[in-house]
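**Q** Contents of protein25.txt (compact mmCIF, N, CA and C atoms) are given next:
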# COMPACT_ATOMS: atom_id res chain seq x y z
N MET V 1 -10.70 -37.27 58.71
CA MET V 1 -9.90 -36.39 57.92
C MET V 1 -10.57 -35.03 57.86
N LYS V 2 -9.73 -34.05 58.02
CA LYS V 2 -10.27 -32.70 57.97
C LYS V 2 -10.19 -32.19 56.54
N LYS V 3 -11.20 -31.49 56.16
CA LYS V 3 -11.19 -30.87 54.85
C LYS V 3 -10.43 -29.56 54.92
N ALA V 4 -9.68 -29.32 53.88
CA ALA V 4 -8.94 -28.06 53.83
C ALA V 4 -9.93 -26.93 53.61
N ILE V 5 -9.70 -25.86 54.29
CA ILE V 5 -10.57 -24.71 54.14
C ILE V 5 -10.07 -23.87 52.97
N HIS V 6 -10.92 -23.76 51.99
CA HIS V 6 -10.58 -22.95 50.82
C HIS V 6 -11.40 -21.68 50.87
N LYS V 7 -10.71 -20.62 50.70
CA LYS V 7 -11.41 -19.36 50.68
C LYS V 7 -11.95 -19.18 49.26
N LYS V 8 -13.23 -19.06 49.14
CA LYS V 8 -13.87 -18.92 47.84
C LYS V 8 -13.66 -17.49 47.35
N SER V 9 -13.23 -17.39 46.10
CA SER V 9 -13.01 -16.05 45.56
C SER V 9 -14.35 -15.35 45.43
N PRO V 10 -14.37 -14.08 45.72
CA PRO V 10 -15.64 -13.36 45.66
C PRO V 10 -16.19 -13.36 44.24
N GLU V 11 -17.47 -13.50 44.13
CA GLU V 11 -18.10 -13.52 42.82
C GLU V 11 -18.41 -12.11 42.34
N PHE V 12 -18.29 -11.16 43.21
CA PHE V 12 -18.55 -9.76 42.86
C PHE V 12 -17.34 -8.91 43.19
N ILE V 13 -17.17 -7.86 42.43
CA ILE V 13 -16.12 -6.88 42.72
C ILE V 13 -16.84 -5.57 43.00
N THR V 14 -16.46 -4.93 44.08
CA THR V 14 -17.12 -3.70 44.51
C THR V 14 -16.19 -2.53 44.25
N PHE V 15 -16.72 -1.51 43.59
CA PHE V 15 -15.99 -0.27 43.35
C PHE V 15 -16.63 0.82 44.19
N LYS V 16 -15.81 1.61 44.83
CA LYS V 16 -16.32 2.74 45.62
C LYS V 16 -15.89 4.02 44.92
N ILE V 17 -16.86 4.90 44.70
CA ILE V 17 -16.61 6.16 44.02
C ILE V 17 -16.75 7.27 45.05
N VAL V 18 -15.65 7.95 45.31
CA VAL V 18 -15.64 9.05 46.27
C VAL V 18 -15.81 10.33 45.48
N ARG V 19 -16.87 11.09 45.79
CA ARG V 19 -17.18 12.30 45.02
C ARG V 19 -16.66 13.56 45.69
N GLY V 20 -16.35 13.53 46.87
CA GLY V 20 -15.88 14.71 47.59
C GLY V 20 -16.19 14.57 49.06
N THR V 21 -15.90 15.61 49.80
CA THR V 21 -16.10 15.53 51.25
C THR V 21 -17.56 15.69 51.64
N GLU V 22 -18.33 16.42 50.86
CA GLU V 22 -19.70 16.71 51.26
C GLU V 22 -20.70 15.69 50.70
N GLU V 23 -20.34 15.00 49.62
CA GLU V 23 -21.27 14.05 49.02
C GLU V 23 -21.00 12.65 49.53
N SER V 24 -22.00 11.81 49.38
CA SER V 24 -21.85 10.44 49.87
C SER V 24 -21.04 9.59 48.90
N THR V 25 -20.46 8.56 49.42
CA THR V 25 -19.68 7.63 48.61
C THR V 25 -20.65 6.70 47.89
N ARG V 26 -20.38 6.48 46.62
CA ARG V 26 -21.25 5.60 45.82
C ARG V 26 -20.54 4.26 45.64
N THR V 27 -21.30 3.20 45.69
CA THR V 27 -20.75 1.86 45.57
C THR V 27 -21.36 1.18 44.36
N ILE V 28 -20.49 0.61 43.53
CA ILE V 28 -20.95 -0.16 42.37
C ILE V 28 -20.44 -1.58 42.55
N ARG V 29 -21.34 -2.51 42.43
CA ARG V 29 -20.99 -3.91 42.63
C ARG V 29 -21.24 -4.64 41.31
N LEU V 30 -20.17 -5.18 40.72
CA LEU V 30 -20.26 -5.87 39.44
C LEU V 30 -19.79 -7.31 39.59
N PRO V 31 -20.41 -8.22 38.86
CA PRO V 31 -19.94 -9.61 38.91
C PRO V 31 -18.53 -9.72 38.31
N ARG V 32 -17.77 -10.62 38.83
CA ARG V 32 -16.39 -10.82 38.38
C ARG V 32 -16.34 -11.20 36.90
N ILE V 33 -17.30 -11.96 36.45
CA ILE V 33 -17.30 -12.39 35.05
C ILE V 33 -17.48 -11.18 34.11
N VAL V 34 -18.25 -10.17 34.53
CA VAL V 34 -18.42 -8.96 33.72
C VAL V 34 -17.10 -8.20 33.63
N ILE V 35 -16.40 -8.10 34.73
CA ILE V 35 -15.10 -7.42 34.72
C ILE V 35 -14.12 -8.17 33.83
N ASN V 36 -14.09 -9.51 33.96
CA ASN V 36 -13.18 -10.30 33.12
C ASN V 36 -13.55 -10.17 31.65
N LEU V 37 -14.83 -10.17 31.36
CA LEU V 37 -15.27 -10.01 29.97
C LEU V 37 -14.87 -8.64 29.43
N MET V 38 -15.05 -7.60 30.22
CA MET V 38 -14.66 -6.25 29.78
C MET V 38 -13.16 -6.16 29.55
N LEU V 39 -12.38 -6.75 30.43
CA LEU V 39 -10.92 -6.75 30.26
C LEU V 39 -10.51 -7.55 29.03
N SER V 40 -11.17 -8.65 28.79
CA SER V 40 -10.87 -9.46 27.60
C SER V 40 -11.21 -8.69 26.33
N LEU V 41 -12.36 -8.04 26.32
CA LEU V 41 -12.74 -7.23 25.15
C LEU V 41 -11.78 -6.08 24.93
N LEU V 42 -11.35 -5.44 26.00
CA LEU V 42 -10.39 -4.35 25.90
C LEU V 42 -9.05 -4.85 25.34
N ALA V 43 -8.59 -5.99 25.83
CA ALA V 43 -7.33 -6.57 25.34
C ALA V 43 -7.46 -6.94 23.86
N THR V 44 -8.61 -7.52 23.49
CA THR V 44 -8.84 -7.88 22.09
C THR V 44 -8.86 -6.64 21.22
N TYR V 45 -9.51 -5.60 21.69
CA TYR V 45 -9.57 -4.34 20.94
C TYR V 45 -8.18 -3.74 20.77
N LEU V 46 -7.38 -3.75 21.82
CA LEU V 46 -6.02 -3.21 21.73
C LEU V 46 -5.17 -4.00 20.73
N VAL V 47 -5.29 -5.31 20.75
CA VAL V 47 -4.55 -6.13 19.79
C VAL V 47 -5.02 -5.82 18.37
N PHE V 48 -6.33 -5.69 18.18
CA PHE V 48 -6.89 -5.36 16.87
C PHE V 48 -6.36 -4.01 16.38
N VAL V 49 -6.35 -3.01 17.26
CA VAL V 49 -5.87 -1.68 16.88
C VAL V 49 -4.39 -1.73 16.52
N MET V 50 -3.60 -2.47 17.27
CA MET V 50 -2.16 -2.57 16.96
C MET V 50 -1.94 -3.26 15.62
N VAL V 51 -2.69 -4.32 15.34
CA VAL V 51 -2.55 -5.03 14.07
C VAL V 51 -2.96 -4.12 12.92
N MET V 52 -4.07 -3.41 13.06
CA MET V 52 -4.53 -2.50 12.00
C MET V 52 -3.55 -1.35 11.79
N THR V 53 -2.95 -0.86 12.87
CA THR V 53 -1.96 0.20 12.74
C THR V 53 -0.74 -0.30 11.98
N TYR V 54 -0.30 -1.50 12.28
CA TYR V 54 0.84 -2.09 11.57
C TYR V 54 0.51 -2.28 10.10
N ILE V 55 -0.68 -2.83 9.81
CA ILE V 55 -1.07 -3.08 8.42
C ILE V 55 -1.18 -1.76 7.65
N THR V 56 -1.76 -0.75 8.28
CA THR V 56 -1.90 0.55 7.63
C THR V 56 -0.52 1.17 7.36
N GLY V 57 0.37 1.07 8.32
CA GLY V 57 1.73 1.58 8.12
C GLY V 57 2.44 0.85 7.00
N ASP V 58 2.25 -0.47 6.95
CA ASP V 58 2.87 -1.26 5.89
C ASP V 58 2.29 -0.89 4.53
N LEU V 59 0.98 -0.69 4.46
CA LEU V 59 0.36 -0.27 3.20
C LEU V 59 0.86 1.10 2.77
N SER V 60 1.03 1.99 3.73
CA SER V 60 1.53 3.33 3.40
C SER V 60 2.95 3.23 2.85
N PHE V 61 3.79 2.42 3.47
CA PHE V 61 5.16 2.24 2.99
C PHE V 61 5.16 1.63 1.59
N THR V 62 4.32 0.62 1.38
CA THR V 62 4.23 -0.03 0.07
C THR V 62 3.74 0.96 -0.98
N TYR V 63 2.76 1.79 -0.61
CA TYR V 63 2.23 2.79 -1.54
C TYR V 63 3.32 3.77 -1.95
N GLN V 64 4.09 4.27 -1.00
CA GLN V 64 5.17 5.21 -1.31
C GLN V 64 6.21 4.56 -2.22
N HIS V 65 6.54 3.31 -1.94
CA HIS V 65 7.53 2.60 -2.75
C HIS V 65 7.02 2.41 -4.17
N ARG V 66 5.76 2.00 -4.31
CA ARG V 66 5.17 1.80 -5.65
C ARG V 66 5.04 3.13 -6.40
N LEU V 67 4.71 4.20 -5.68
CA LEU V 67 4.61 5.52 -6.31
C LEU V 67 5.96 5.96 -6.86
N GLN V 68 7.02 5.68 -6.12
CA GLN V 68 8.36 6.00 -6.60
C GLN V 68 8.70 5.16 -7.84
N ASP V 69 8.34 3.88 -7.83
CA ASP V 69 8.58 3.03 -8.99
C ASP V 69 7.81 3.54 -10.21
N ILE V 70 6.57 3.98 -10.01
CA ILE V 70 5.76 4.50 -11.12
C ILE V 70 6.39 5.76 -11.69
N LYS V 71 6.89 6.64 -10.84
CA LYS V 71 7.54 7.87 -11.33
C LYS V 71 8.78 7.54 -12.15
N GLU V 72 9.56 6.56 -11.68
CA GLU V 72 10.75 6.16 -12.45
C GLU V 72 10.35 5.57 -13.80
N LEU V 73 9.31 4.75 -13.82
CA LEU V 73 8.85 4.15 -15.08
C LEU V 73 8.28 5.20 -16.03
N GLU V 74 7.61 6.21 -15.48
CA GLU V 74 7.11 7.29 -16.33
C GLU V 74 8.26 8.07 -16.97
N ALA V 75 9.33 8.29 -16.21
CA ALA V 75 10.50 8.98 -16.77
C ALA V 75 11.13 8.15 -17.88
N ILE V 76 11.24 6.84 -17.66
CA ILE V 76 11.79 5.95 -18.69
C ILE V 76 10.88 5.95 -19.92
N ASN V 77 9.58 5.93 -19.70
CA ASN V 77 8.61 5.94 -20.79
C ASN V 77 8.74 7.21 -21.62
N THR V 78 8.89 8.35 -20.96
CA THR V 78 9.06 9.62 -21.67
C THR V 78 10.32 9.60 -22.53
N ASP V 79 11.42 9.11 -21.96
CA ASP V 79 12.66 9.01 -22.72
C ASP V 79 12.50 8.10 -23.94
N GLN V 80 11.83 6.97 -23.76
CA GLN V 80 11.63 6.04 -24.87
C GLN V 80 10.71 6.63 -25.94
N GLN V 81 9.71 7.40 -25.53
CA GLN V 81 8.84 8.05 -26.52
C GLN V 81 9.64 9.05 -27.36
N GLN V 82 10.51 9.81 -26.73
CA GLN V 82 11.35 10.75 -27.47
C GLN V 82 12.28 10.01 -28.43
N GLU V 83 12.83 8.91 -27.97
CA GLU V 83 13.72 8.12 -28.82
C GLU V 83 12.95 7.53 -30.01
N ILE V 84 11.73 7.06 -29.78
CA ILE V 84 10.91 6.51 -30.86
C ILE V 84 10.58 7.60 -31.87
N THR V 85 10.25 8.80 -31.40
CA THR V 85 9.97 9.92 -32.30
C THR V 85 11.19 10.25 -33.15
N THR V 86 12.36 10.27 -32.54
CA THR V 86 13.61 10.53 -33.28
C THR V 86 13.86 9.44 -34.32
N LEU V 87 13.67 8.19 -33.93
CA LEU V 87 13.89 7.08 -34.86
C LEU V 87 12.89 7.11 -36.01
N ASN V 88 11.65 7.50 -35.74
CA ASN V 88 10.66 7.62 -36.82
C ASN V 88 11.05 8.70 -37.82
N SER V 89 11.55 9.83 -37.33
CA SER V 89 11.97 10.90 -38.26
C SER V 89 13.19 10.46 -39.07
N ILE V 90 14.12 9.75 -38.44
CA ILE V 90 15.29 9.24 -39.17
C ILE V 90 14.84 8.22 -40.22
N THR V 91 13.88 7.37 -39.87
CA THR V 91 13.37 6.37 -40.80
C THR V 91 12.72 7.03 -42.01
N ALA V 92 11.97 8.11 -41.76
CA ALA V 92 11.34 8.84 -42.87
C ALA V 92 12.41 9.43 -43.79
N GLU V 93 13.48 9.97 -43.22
CA GLU V 93 14.56 10.52 -44.03
C GLU V 93 15.24 9.43 -44.85
N VAL V 94 15.49 8.30 -44.23
CA VAL V 94 16.14 7.18 -44.93
C VAL V 94 15.25 6.69 -46.08
N ARG V 95 13.94 6.63 -45.85
CA ARG V 95 13.03 6.21 -46.92
C ARG V 95 13.06 7.19 -48.09
N GLU V 96 13.09 8.47 -47.78
CA GLU V 96 13.17 9.48 -48.85
C GLU V 96 14.47 9.33 -49.63
N LYS V 97 15.58 9.14 -48.93
CA LYS V 97 16.87 8.96 -49.61
C LYS V 97 16.88 7.69 -50.44
N LEU V 98 16.29 6.60 -49.90
CA LEU V 98 16.22 5.35 -50.64
C LEU V 98 15.39 5.51 -51.91
N LYS V 99 14.29 6.23 -51.79
CA LYS V 99 13.45 6.46 -52.96
C LYS V 99 14.20 7.28 -54.01
N SER V 100 14.92 8.33 -53.56
CA SER V 100 15.67 9.13 -54.52
C SER V 100 16.79 8.30 -55.15
N LEU V 101 17.43 7.40 -54.35
CA LEU V 101 18.47 6.54 -54.91
C LEU V 101 17.88 5.55 -55.92
N GLU V 102 16.68 5.02 -55.62
CA GLU V 102 16.03 4.12 -56.58
C GLU V 102 15.69 4.86 -57.87
N ASP V 103 15.25 6.13 -57.76
CA ASP V 103 14.96 6.93 -58.95
C ASP V 103 16.24 7.17 -59.77
N ILE V 104 17.33 7.49 -59.05
CA ILE V 104 18.61 7.71 -59.75
C ILE V 104 19.08 6.43 -60.41
N GLU V 105 18.92 5.27 -59.69
CA GLU V 105 19.32 3.98 -60.26
C GLU V 105 18.51 3.69 -61.52
N ALA V 106 17.22 3.98 -61.47
CA ALA V 106 16.38 3.74 -62.64
C ALA V 106 16.82 4.61 -63.82
N LYS V 107 17.16 5.88 -63.57
CA LYS V 107 17.63 6.78 -64.63
C LYS V 107 18.95 6.30 -65.21
N VAL V 108 19.87 5.84 -64.29
CA VAL V 108 21.17 5.37 -64.75
C VAL V 108 20.98 4.11 -65.63
N LYS V 109 20.12 3.20 -65.20
CA LYS V 109 19.88 2.00 -66.01
C LYS V 109 19.27 2.37 -67.36
N GLU V 110 18.40 3.36 -67.35
CA GLU V 110 17.78 3.79 -68.62
C GLU V 110 18.83 4.40 -69.55
N LEU V 111 19.74 5.20 -68.97
CA LEU V 111 20.77 5.83 -69.80
C LEU V 111 21.79 4.82 -70.28
N VAL V 112 22.09 3.84 -69.45
CA VAL V 112 23.07 2.84 -69.85
C VAL V 112 22.42 1.82 -70.77
N GLY V 113 21.14 1.63 -70.63
CA GLY V 113 20.43 0.67 -71.47
C GLY V 113 20.31 -0.70 -70.84
N ILE V 114 20.33 -0.78 -69.54
CA ILE V 114 20.17 -2.05 -68.85
C ILE V 114 18.69 -2.25 -68.56
N ASP V 115 18.18 -3.44 -68.93
CA ASP V 115 16.79 -3.76 -68.62
C ASP V 115 16.74 -4.69 -67.39
N ASP V 116 15.68 -4.57 -66.64
CA ASP V 116 15.54 -5.42 -65.45
C ASP V 116 15.13 -6.80 -65.77
Just give me the structure of the file as structure tokens.

**A**
Amino acid sequence: MKKAIHKKSPEFITFKIVRGTEESTRTIRLPRIVINLMLSLLATYLVFVMVMTYITGDLSFTYQHRLQDIKELEAINTDQQQEITTLNSITAEVREKLKSLEDIEAKVKELVGIDD
């Protein structure tokens, strides 16, 4: 039986750098595993950058949305503070009127002669 001839993949990758017509060509020979590792790291880095960009964009959107909610709540809070101030002044007036009515009631009872 004949064995199948398998062409073994080269273990090194050779890069040729051409600098111009007058200079010599430079050759860089790197192991295939180094190239694969560099490509894997580059792909991992690109995925990481895309995920971080998405997360940052999402945080920015969330921040803008929350900032808008805070502004709306501050406006509501200001309105409620004004309403509370108005109600406090009305309450003070009502207390004064109630006190004057109690004084008048006491005078009327005294004049009529009704005892409590």

**Q** From the list V:Ile84, V:Leu30, V:Ile114, V:Leu41, which residue is nearest Phe12 of chain V when using only N, CA and C atoms?

**A**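 For Phe12 of chain V, the nearest of the candidates is V:Leu30.
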
**Q** Write out as a PyMOL selection string the set of residues from chain V that DSSP, computed on the backbone, places in helix (DSSP H, G or I).

**A** chain V and resi 32-112

**Q** When you draw a straight line from atom N of Pro31 of chain V to atom N of Glu11 of chain V, how long is it in Å?

**A**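 Atom N of Glu11 of chain V lies at a distance of 8.0 Å from atom N of Pro31 of chain V.
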
**Q** Would you mind reading off the distance between atom CA of Arg32 of chain V and atom C of Ile13 of chain V, one decimal, in Å?

**A**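 Taking atom CA of Arg32 of chain V and atom C of Ile13 of chain V, their separation equals 7.0 Å.
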
**Q** Separation of atom C of Leu73 of chain V and atom N of Thr86 of chain V, in Å?

**A**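 Atom C of Leu73 of chain V sits 17.7 Å away from atom N of Thr86 of chain V.
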
**Q** Could you tell me, as a list in words, which residues of chain V DSSP assigns to strand (DSSP E or B) when given the backbone?

**A**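 So, restricting chain V to strand (DSSP E or B), we get Phe12, Ile13, Thr14, Phe15, Lys16, Ile17, Arg26, Thr27, Ile28, Arg29, Leu30 and Pro31 of chain V.
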
**Q** Using the file's own x, y and z axes, so that the box edges lie along x, y and z, what centre and edge lengths in Å (one decimal) does a box around every listed atom of segment 70-83 of chain V get when 4 Å is added on each side? Give it as JSON.

**A**
{"center_x": 9.7, "center_y": 7.4, "center_z": -20.0, "size_x": 16.0, "size_y": 14.8, "size_z": 28.0}
